[in-house]
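Have a look at upload.cif below; it lists mmCIF, C-alpha atoms.
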```cif
data_data
loop_
_atom_site.label_atom_id
_atom_site.label_comp_id
_atom_site.auth_asym_id
_atom_site.auth_seq_id
_atom_site.Cartn_x
_atom_site.Cartn_y
_atom_site.Cartn_z
CA MET A 1 0.00 0.00 0.00
CA LEU A 2 1.21 3.50 -0.83
CA THR A 3 1.54 6.23 1.77
CA GLU A 4 -0.51 9.41 1.65
CA THR A 5 2.66 11.26 0.66
CA GLN A 6 3.24 8.93 -2.30
CA ILE A 7 -0.38 9.26 -3.39
CA GLY A 8 -0.08 13.05 -3.30
CA GLN A 9 3.17 12.97 -5.27
CA ILE A 10 1.60 10.83 -8.01
CA ALA A 11 -1.42 13.15 -8.15
CA ASP A 12 1.04 16.05 -8.58
CA GLU A 13 2.72 14.23 -11.48
CA LEU A 14 -0.58 13.57 -13.21
CA ALA A 15 -1.75 17.16 -12.74
CA ALA A 16 1.49 18.41 -14.30
CA ALA A 17 1.13 15.95 -17.19
CA GLU A 18 -2.43 17.15 -17.84
CA ARG A 19 -1.29 20.76 -17.76
CA ASP A 20 1.74 20.18 -20.01
CA ARG A 21 0.03 17.66 -22.35
CA SER A 22 2.71 15.12 -21.58
CA MET A 23 2.99 11.58 -20.22
CA VAL A 24 4.64 10.28 -17.07
CA PRO A 25 6.46 6.91 -16.83
CA LEU A 26 4.46 3.83 -15.87
CA LEU A 27 3.49 3.87 -12.21
CA THR A 28 3.72 0.10 -11.90
CA ALA A 29 7.35 0.18 -13.04
CA ARG A 30 8.20 2.62 -10.24
CA HIS A 31 5.76 1.36 -7.60
CA PRO A 32 5.46 -2.41 -8.11
CA GLU A 33 3.69 -2.71 -4.74
CA MET A 34 0.87 -0.41 -5.91
CA THR A 35 -2.64 -1.93 -5.62
CA VAL A 36 -5.97 -1.20 -7.30
CA GLU A 37 -7.13 0.52 -4.11
CA ASP A 38 -4.00 2.69 -4.21
CA SER A 39 -4.82 3.70 -7.77
CA TYR A 40 -8.37 4.70 -6.84
CA ALA A 41 -6.90 6.71 -3.95
CA VAL A 42 -4.73 8.57 -6.50
CA GLN A 43 -7.76 9.15 -8.72
CA ASN A 44 -9.84 10.40 -5.78
CA GLU A 45 -7.09 12.84 -4.79
CA TRP A 46 -6.96 14.12 -8.39
CA ARG A 47 -10.78 14.47 -8.33
CA ARG A 48 -10.73 16.25 -4.97
CA ARG A 49 -8.22 18.77 -6.25
CA GLY A 50 -10.31 19.37 -9.36
CA ILE A 51 -13.40 20.12 -7.28
CA GLU A 52 -11.34 22.35 -4.99
CA ALA A 53 -10.21 24.28 -8.09
CA GLY A 54 -13.82 24.84 -9.15
CA ARG A 55 -14.48 21.95 -11.54
CA ARG A 56 -17.98 20.49 -11.26
CA PRO A 57 -18.46 16.69 -11.34
CA ALA A 58 -20.98 15.62 -14.00
CA GLY A 59 -20.80 11.83 -13.77
CA HIS A 60 -18.62 8.79 -14.31
CA LYS A 61 -17.15 6.78 -17.14
CA ILE A 62 -16.73 3.03 -17.18
CA GLY A 63 -13.87 1.51 -19.12
CA LEU A 64 -12.75 -1.90 -20.34
CA THR A 65 -16.23 -3.43 -20.25
CA SER A 66 -16.16 -5.13 -23.65
CA LYS A 67 -14.04 -8.00 -24.93
CA VAL A 68 -12.77 -5.88 -27.81
CA MET A 69 -11.48 -3.22 -25.41
CA GLN A 70 -9.91 -5.77 -23.10
CA VAL A 71 -8.09 -7.34 -26.04
CA ALA A 72 -7.00 -3.90 -27.26
CA THR A 73 -5.48 -2.99 -23.88
CA GLY A 74 -4.49 -6.36 -22.45
CA ILE A 75 -6.46 -5.54 -19.27
CA THR A 76 -9.24 -7.92 -18.25
CA GLU A 77 -11.26 -6.05 -15.61
CA PRO A 78 -13.41 -2.91 -15.84
CA ASP A 79 -12.43 0.42 -14.30
CA TYR A 80 -14.06 3.79 -13.80
CA GLY A 81 -13.21 7.48 -13.75
CA THR A 82 -14.73 10.91 -13.14
CA ILE A 83 -16.42 13.11 -15.74
CA PHE A 84 -16.22 16.84 -15.03
CA ALA A 85 -18.74 19.24 -16.60
CA ASP A 86 -16.00 20.93 -18.65
CA MET A 87 -15.37 17.58 -20.38
CA VAL A 88 -18.93 17.35 -21.77
CA HIS A 89 -19.65 18.64 -25.29
CA GLU A 90 -22.58 18.52 -27.69
CA THR A 91 -22.51 17.02 -31.16
CA GLY A 92 -20.79 19.27 -33.70
CA ALA A 93 -18.11 20.26 -31.19
CA VAL A 94 -14.73 21.42 -32.44
CA LEU A 95 -12.06 20.03 -30.11
CA GLU A 96 -8.45 21.12 -29.82
CA HIS A 97 -6.37 18.02 -30.47
CA GLY A 98 -3.45 19.47 -28.51
CA SER A 99 -5.59 19.57 -25.36
CA PHE A 100 -5.28 15.79 -25.12
CA THR A 101 -2.49 13.19 -25.20
CA GLY A 102 -2.63 9.87 -27.06
CA VAL A 103 -5.95 10.91 -28.60
CA ARG A 104 -8.43 8.16 -29.46
CA VAL A 105 -12.22 7.98 -29.81
CA GLU A 106 -14.62 5.30 -28.58
CA VAL A 107 -18.31 4.57 -29.27
CA GLU A 108 -20.58 4.44 -26.22
CA LEU A 109 -24.05 4.91 -24.80
CA ALA A 110 -24.51 7.45 -22.01
CA PHE A 111 -27.05 6.82 -19.26
CA VAL A 112 -28.54 9.90 -17.59
CA LEU A 113 -29.94 9.03 -14.18
CA GLY A 114 -33.33 10.27 -13.02
CA ARG A 115 -32.74 9.19 -9.43
CA GLU A 116 -29.89 8.00 -7.23
CA LEU A 117 -28.50 4.50 -7.53
CA SER A 118 -26.88 3.37 -4.31
CA GLY A 119 -25.37 0.10 -5.43
CA ARG A 120 -25.12 -3.08 -3.38
CA ASP A 121 -27.68 -2.79 -0.57
CA LEU A 122 -27.34 -3.77 3.07
CA THR A 123 -28.52 -7.31 2.33
CA GLY A 124 -25.60 -7.80 -0.04
CA ARG A 125 -27.86 -7.96 -3.10
CA GLU A 126 -26.00 -6.91 -6.22
CA THR A 127 -27.39 -4.16 -8.44
CA THR A 128 -29.19 -5.52 -11.51
CA ILE A 129 -29.78 -4.15 -14.99
CA PHE A 130 -33.43 -3.68 -13.95
CA ASP A 131 -32.35 -1.40 -11.09
CA VAL A 132 -30.29 0.60 -13.59
CA LEU A 133 -33.10 0.86 -16.16
CA ASP A 134 -35.58 1.96 -13.48
CA ALA A 135 -33.17 4.66 -12.25
CA THR A 136 -32.34 5.92 -15.76
CA ASP A 137 -34.16 8.93 -17.19
CA TYR A 138 -32.86 8.48 -20.73
CA VAL A 139 -30.03 7.03 -22.79
CA VAL A 140 -28.19 9.03 -25.45
CA PRO A 141 -25.49 8.21 -28.04
CA ALA A 142 -22.03 9.46 -27.18
CA LEU A 143 -18.37 9.45 -28.15
CA GLU A 144 -15.59 9.32 -25.59
CA VAL A 145 -12.27 11.04 -26.28
CA LEU A 146 -9.45 9.20 -24.56
CA SER A 147 -6.43 11.09 -23.24
CA SER A 148 -3.52 9.31 -21.54
CA ARG A 149 -1.34 11.04 -18.96
CA ILE A 150 0.66 7.85 -18.33
CA GLU A 151 2.78 5.98 -20.87
CA MET A 152 0.59 3.60 -22.84
CA GLU A 153 2.95 0.73 -23.61
CA GLY A 154 2.72 -1.91 -20.88
CA ARG A 155 -0.01 -0.19 -18.86
CA SER A 156 -1.74 -2.20 -16.15
CA ILE A 157 -5.14 -1.68 -14.54
CA VAL A 158 -3.35 0.27 -11.79
CA ASP A 159 -1.90 2.75 -14.29
CA THR A 160 -5.22 3.15 -16.08
CA ILE A 161 -7.27 3.79 -12.93
CA SER A 162 -4.74 6.31 -11.61
CA ASP A 163 -5.04 8.11 -14.96
CA ASN A 164 -8.79 8.64 -14.37
CA ALA A 165 -9.42 5.73 -16.76
CA ALA A 166 -7.91 7.87 -19.58
CA MET A 167 -10.96 10.15 -19.62
CA GLY A 168 -10.41 13.21 -21.81
CA ALA A 169 -13.83 14.39 -23.00
CA MET A 170 -17.20 13.19 -24.24
CA VAL A 171 -19.50 14.33 -27.04
CA HIS A 172 -23.21 13.48 -26.93
CA GLY A 173 -25.93 13.86 -29.51
CA GLY A 174 -28.44 11.95 -31.57
CA ARG A 175 -31.87 11.05 -30.17
CA PRO A 176 -32.28 10.53 -26.43
CA VAL A 177 -34.51 7.54 -25.68
CA ARG A 178 -36.24 6.17 -22.61
CA PRO A 179 -34.44 3.00 -21.52
CA HIS A 180 -37.54 0.79 -21.91
CA ASP A 181 -38.38 2.08 -25.41
CA VAL A 182 -35.40 0.45 -27.14
CA ASP A 183 -33.67 -2.90 -26.78
CA LEU A 184 -30.36 -1.36 -25.80
CA ARG A 185 -28.46 -4.57 -26.54
CA TRP A 186 -29.09 -4.09 -30.24
CA VAL A 187 -28.11 -0.44 -30.56
CA SER A 188 -25.47 -0.47 -33.31
CA ALA A 189 -23.02 2.11 -34.53
CA LEU A 190 -20.84 2.86 -37.54
CA LEU A 191 -17.78 4.97 -36.67
CA TYR A 192 -16.38 7.13 -39.46
CA ARG A 193 -13.13 9.07 -39.66
CA ASN A 194 -13.09 11.51 -42.57
CA GLU A 195 -15.98 9.74 -44.34
CA THR A 196 -14.43 6.27 -44.06
CA ILE A 197 -15.88 3.60 -41.76
CA GLU A 198 -13.13 2.57 -39.34
CA GLU A 199 -15.08 0.66 -36.68
CA SER A 200 -18.54 -0.78 -36.04
CA GLY A 201 -20.17 -2.52 -33.13
CA VAL A 202 -23.28 -3.48 -31.15
CA ALA A 203 -23.94 -2.34 -27.58
CA ALA A 204 -24.43 -5.91 -26.30
CA ALA A 205 -20.62 -6.20 -26.53
CA VAL A 206 -20.61 -4.31 -23.21
CA LEU A 207 -21.03 -7.18 -20.74
CA GLY A 208 -24.04 -8.53 -22.66
CA HIS A 209 -26.10 -5.39 -21.94
CA PRO A 210 -24.79 -1.81 -21.57
CA ALA A 211 -26.78 -1.34 -18.35
CA ARG A 212 -24.73 -4.11 -16.75
CA GLY A 213 -21.68 -1.84 -16.73
CA VAL A 214 -23.65 0.79 -14.82
CA ALA A 215 -24.76 -1.88 -12.32
CA TRP A 216 -21.11 -2.91 -11.86
CA LEU A 217 -20.18 0.74 -11.24
CA ALA A 218 -22.94 1.25 -8.67
CA ASP A 219 -21.70 -1.75 -6.68
CA ARG A 220 -18.04 -0.73 -7.03
CA LEU A 221 -18.82 2.76 -5.72
CA ALA A 222 -20.85 1.31 -2.85
CA GLY A 223 -17.69 -0.50 -1.79
CA HIS A 224 -16.02 2.91 -1.55
CA GLY A 225 -18.92 4.42 0.42
CA ASP A 226 -20.17 6.35 -2.63
CA ARG A 227 -23.19 6.21 -4.92
CA LEU A 228 -24.50 7.43 -8.27
CA GLU A 229 -26.63 10.57 -7.98
CA ALA A 230 -29.68 11.78 -9.90
CA GLY A 231 -28.65 13.81 -12.94
CA GLU A 232 -25.31 12.06 -13.39
CA ILE A 233 -24.11 11.06 -16.85
CA ILE A 234 -22.64 7.56 -16.99
CA LEU A 235 -20.60 6.51 -20.02
CA ALA A 236 -21.31 2.78 -20.06
CA GLY A 237 -18.23 1.56 -21.94
CA SER A 238 -17.11 1.27 -25.53
CA PHE A 239 -18.41 -1.36 -27.94
CA THR A 240 -15.73 -0.65 -30.55
CA ARG A 241 -11.95 -0.56 -30.43
CA PRO A 242 -10.45 2.89 -29.78
CA MET A 243 -9.83 4.80 -33.00
CA TRP A 244 -6.79 7.08 -33.25
CA VAL A 245 -7.50 10.63 -34.40
CA HIS A 246 -5.26 13.46 -35.57
CA PRO A 247 -5.54 17.23 -36.09
CA GLY A 248 -7.88 17.91 -38.99
CA ASP A 249 -9.90 14.70 -38.56
CA THR A 250 -13.69 14.72 -38.56
CA VAL A 251 -15.36 11.95 -36.56
CA HIS A 252 -18.93 10.90 -37.31
CA CYS A 253 -20.80 8.05 -35.62
CA ASP A 254 -24.10 6.79 -37.05
CA TYR A 255 -26.30 5.11 -34.41
CA GLY A 256 -29.13 4.27 -36.81
CA GLU A 257 -32.53 5.15 -35.38
CA LEU A 258 -30.82 6.90 -32.44
CA GLY A 259 -29.25 9.47 -34.74
CA ALA A 260 -25.62 10.54 -35.02
CA VAL A 261 -22.80 12.23 -33.10
CA THR A 262 -20.10 14.29 -34.82
CA CYS A 263 -17.00 16.20 -33.74
CA ARG A 264 -13.93 17.67 -35.40
CA PHE A 265 -10.34 17.98 -34.16
CA ILE A 266 -8.21 21.01 -34.96
#
```
Since I need it in another form, could you write the structure as structure tokens?
Amino acid sequence: MLTETQIGQIADELAAAERDRSMVPLLTARHPEMTVEDSYAVQNEWRRRGIEAGRRPAGHKIGLTSKVMQVATGITEPDYGTIFADMVHETGAVLEHGSFTGVRVEVELAFVLGRELSGRDLTGRETTIFDVLDATDYVVPALEVLSSRIEMEGRSIVDTISDNAAMGAMVHGGRPVRPHDVDLRWVSALLYRNETIEESGVAAAVLGHPARGVAWLADRLAGHGDRLEAGEIILAGSFTRPMWVHPGDTVHCDYGELGAVTCRFI
């Protein structure tokens, strides 16, 4: 286990990397004793400092929930990170590529909660997809922009969690739907870069049902004495591989009957 001093020092490194648009060396190479709980402690310290500086939490992201993402990263368990309000953009957004590091885009569904979701209850009952659907106001198509503040080659789950699960930004758009109006498993997407299809996928790739990732998150947060609040946006996890983007690229994702999400990098 890391000391509070070590946790603060790592949070300092990550804050500097975010400010300078740079990457720090792998944490696991320098702190082989570092645990998953240590990495969430680092993330929580980074989050606390953000709130102290005036950033407003808007929700959470879930990562590594699909087989395709686990294969792409070599990491076999989900993780989560914080979404701040200044990370949230509407479709058509023009994003500065230089504001991020190791810039990639993923295809996701975003759940917007209508009421709190407390996670595993006192009886030990795990949160179900039905609990999630009942707590969800609507679901909307989204893109996640990944940004890595830690070296990418050889990353472990500990590195990824400490890096706020590589959360950079999100772009939402298309047609919001009530969770019971659509079979969310069969929501499909075609991901274009500069008018060429680069990736495609179906939302069931996220743990069999995209709501299952949100259920996992609710229970994980309950273990940390936290919960999901009404109004939060939850990015449920990507059902395509991450797509690299460069300055000048236009990204367009067609979600069929749920509409489309578009952004451009300059």
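Closest approach to His209 of chain A from the set A:Tyr255, A:Phe130, A:Phe100, A:Trp46 is made by A:Phe130, with distances taken over only C-alpha atoms.
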### Message
If the PyMOL selection byres ((chain A and resi 212-214) around 10) were run on this exact file, what residues would it hold? Put them as an MDAnalysis selection string.
### Response
chainID A and resid 60:66 78:80 110:111 117 119 127:133 204 206:211 215:220 228 234:237
#### Entry: Hits of the PyMOL selection byres ((chain A and resi 186) around 10) in this structure, as a PyMOL selection string
chain A and resi 182-185+187-189+201-205+209-210
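For the set A:Glu77, A:Glu13, A:Glu52, A:Glu151, the residue with the smallest atom-to-atom gap to Ala29 of chain A is A:Glu151, counting all atoms listed in the file.
When only C-alpha atoms are used to compute distances to Arg55 of chain A, the closest of the residues A:Thr35, A:Ser118, A:Thr250, A:Thr82 turns out to be A:Thr82.
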Given the file shown, determine the residues that the PyMOL selection byres ((chain A and resi 200) around 10) selects; report them as a short mmCIF file (atom, residue, chain, number, x, y, z; two decimals) with C-alpha atoms, in the coordinates of the input.
```cif
data_model
loop_
_atom_site.label_atom_id
_atom_site.label_comp_id
_atom_site.auth_asym_id
_atom_site.auth_seq_id
_atom_site.Cartn_x
_atom_site.Cartn_y
_atom_site.Cartn_z
CA VAL A 107 -18.31 4.57 -29.27
CA SER A 188 -25.47 -0.47 -33.31
CA ALA A 189 -23.02 2.11 -34.53
CA LEU A 190 -20.84 2.86 -37.54
CA LEU A 191 -17.78 4.97 -36.67
CA TYR A 192 -16.38 7.13 -39.46
CA ILE A 197 -15.88 3.60 -41.76
CA GLU A 198 -13.13 2.57 -39.34
CA GLU A 199 -15.08 0.66 -36.68
CA GLY A 201 -20.17 -2.52 -33.13
CA VAL A 202 -23.28 -3.48 -31.15
CA PHE A 239 -18.41 -1.36 -27.94
CA THR A 240 -15.73 -0.65 -30.55
CA ARG A 241 -11.95 -0.56 -30.43
CA CYS A 253 -20.80 8.05 -35.62
CA ASP A 254 -24.10 6.79 -37.05
CA TYR A 255 -26.30 5.11 -34.41
#
```
### Message
If I take atom CA of Val24 of chain A and atom CA of Val36 of chain A, how far is one from the other in Å, to one decimal?
### Response
18.4 Å
### Query
Any idea what's packed within 6 Å of Leu109 of chain A, counting only C-alpha atoms, ignoring anything in its chain fewer than 4 positions away? Could you give it as a list in words?
Val140, Pro141, Ala142 and Ala236 of chain A
#### Entry: Polymer residues at most 12 Å from Gly54 of chain A, all atoms listed in the file, same-chain spacing of 5 or more positions, as a ChimeraX atom specification
/A:47-49,84-86
Export C-alpha atoms of the chosen residues as a tab-separated table (two decimals), keeping the file's coordinate frame?
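Once everything was written out, this is again00.tsv:
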```tsv
chain	number	residue	atom	x	y	z
A	47	ARG	CA	-10.78	14.47	-8.33
A	48	ARG	CA	-10.73	16.25	-4.97
A	49	ARG	CA	-8.22	18.77	-6.25
A	84	PHE	CA	-16.22	16.84	-15.03
A	85	ALA	CA	-18.74	19.24	-16.60
A	86	ASP	CA	-16.00	20.93	-18.65
```
### Query
How far is it from atom CA of Val103 of chain A to atom CA of Met167 of chain A, in Å with one decimal?
10.3 Å
### Task
May I have the residues within 12 Å of Val171 of chain A as a ChimeraX atom specification, using all atoms listed in the file and disregarding those fewer than 3 positions away in the same chain?
/A:83,85-95,105-110,140-146,168,174,233,235,251-253,260-264
### Task
Would you mind listing what lies within 7 Å of Val177 of chain A as JSON, numbers by chain, with only C-alpha atoms counted and same-chain residues fewer than 2 positions away left out?
{"A": [138, 139, 140, 175, 179, 181]}
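Of the residues listed (A:Glu229, A:Asp12, A:Glu37, A:Glu4), A:Glu37 shows the shortest atom-to-atom separation from Asp159 of chain A; distances use all atoms listed in the file.
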### Task
Mind giving me the straight-line distance from atom CA of Met34 of chain A to atom CA of Gly50 of chain A in Å, one decimal?
23.0 Å
### Query
What's the 8 Å shell around Ile161 of chain A, counting all atoms listed in the file, without same-chain residues fewer than 2 positions away, as a list in words?
Val36, Ser39, Tyr40, Gln43, Asp79, Tyr80, Gly81, Ile157, Val158, Asp159, Asp163, Asn164, Ala165 and Ala166 of chain A
Keeping only C-alpha atoms, take the residues you just selected and write them out as a short mmCIF file (atom, residue, chain, number, x, y, z; two decimals), keeping the file's coordinate frame.
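Result written to again_29.cif:
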```
data_model
loop_
_atom_site.label_atom_id
_atom_site.label_comp_id
_atom_site.auth_asym_id
_atom_site.auth_seq_id
_atom_site.Cartn_x
_atom_site.Cartn_y
_atom_site.Cartn_z
CA VAL A 36 -5.97 -1.20 -7.30
CA SER A 39 -4.82 3.70 -7.77
CA TYR A 40 -8.37 4.70 -6.84
CA GLN A 43 -7.76 9.15 -8.72
CA ASP A 79 -12.43 0.42 -14.30
CA TYR A 80 -14.06 3.79 -13.80
CA GLY A 81 -13.21 7.48 -13.75
CA ILE A 157 -5.14 -1.68 -14.54
CA VAL A 158 -3.35 0.27 -11.79
CA ASP A 159 -1.90 2.75 -14.29
CA ASP A 163 -5.04 8.11 -14.96
CA ASN A 164 -8.79 8.64 -14.37
CA ALA A 165 -9.42 5.73 -16.76
CA ALA A 166 -7.91 7.87 -19.58
#
```
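The closest residue to Arg120 of chain A, picked from A:Gly154, A:Gly223, A:Pro247, A:Pro32 and counting all atoms listed in the file, is A:Gly223.
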Report the centre and edge lengths, in Å to one decimal, of an axis-aligned box enclosing every atom of segment 189-195 of chain A listed in the file, padded by 8 Å on each side, as lines of an AutoDock Vina configuration file.
```
center_x = -18.1
center_y = 6.8
center_z = -39.4
size_x = 25.9
size_y = 25.4
size_z = 25.8
```
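Residues with at least one atom no more than 7 Å from (-1.5, 19.4, -24.7), using all atoms listed in the file, are Asp20, Arg21, Ser22, Gly98, Ser99, Phe100 and Thr101 of chain A.
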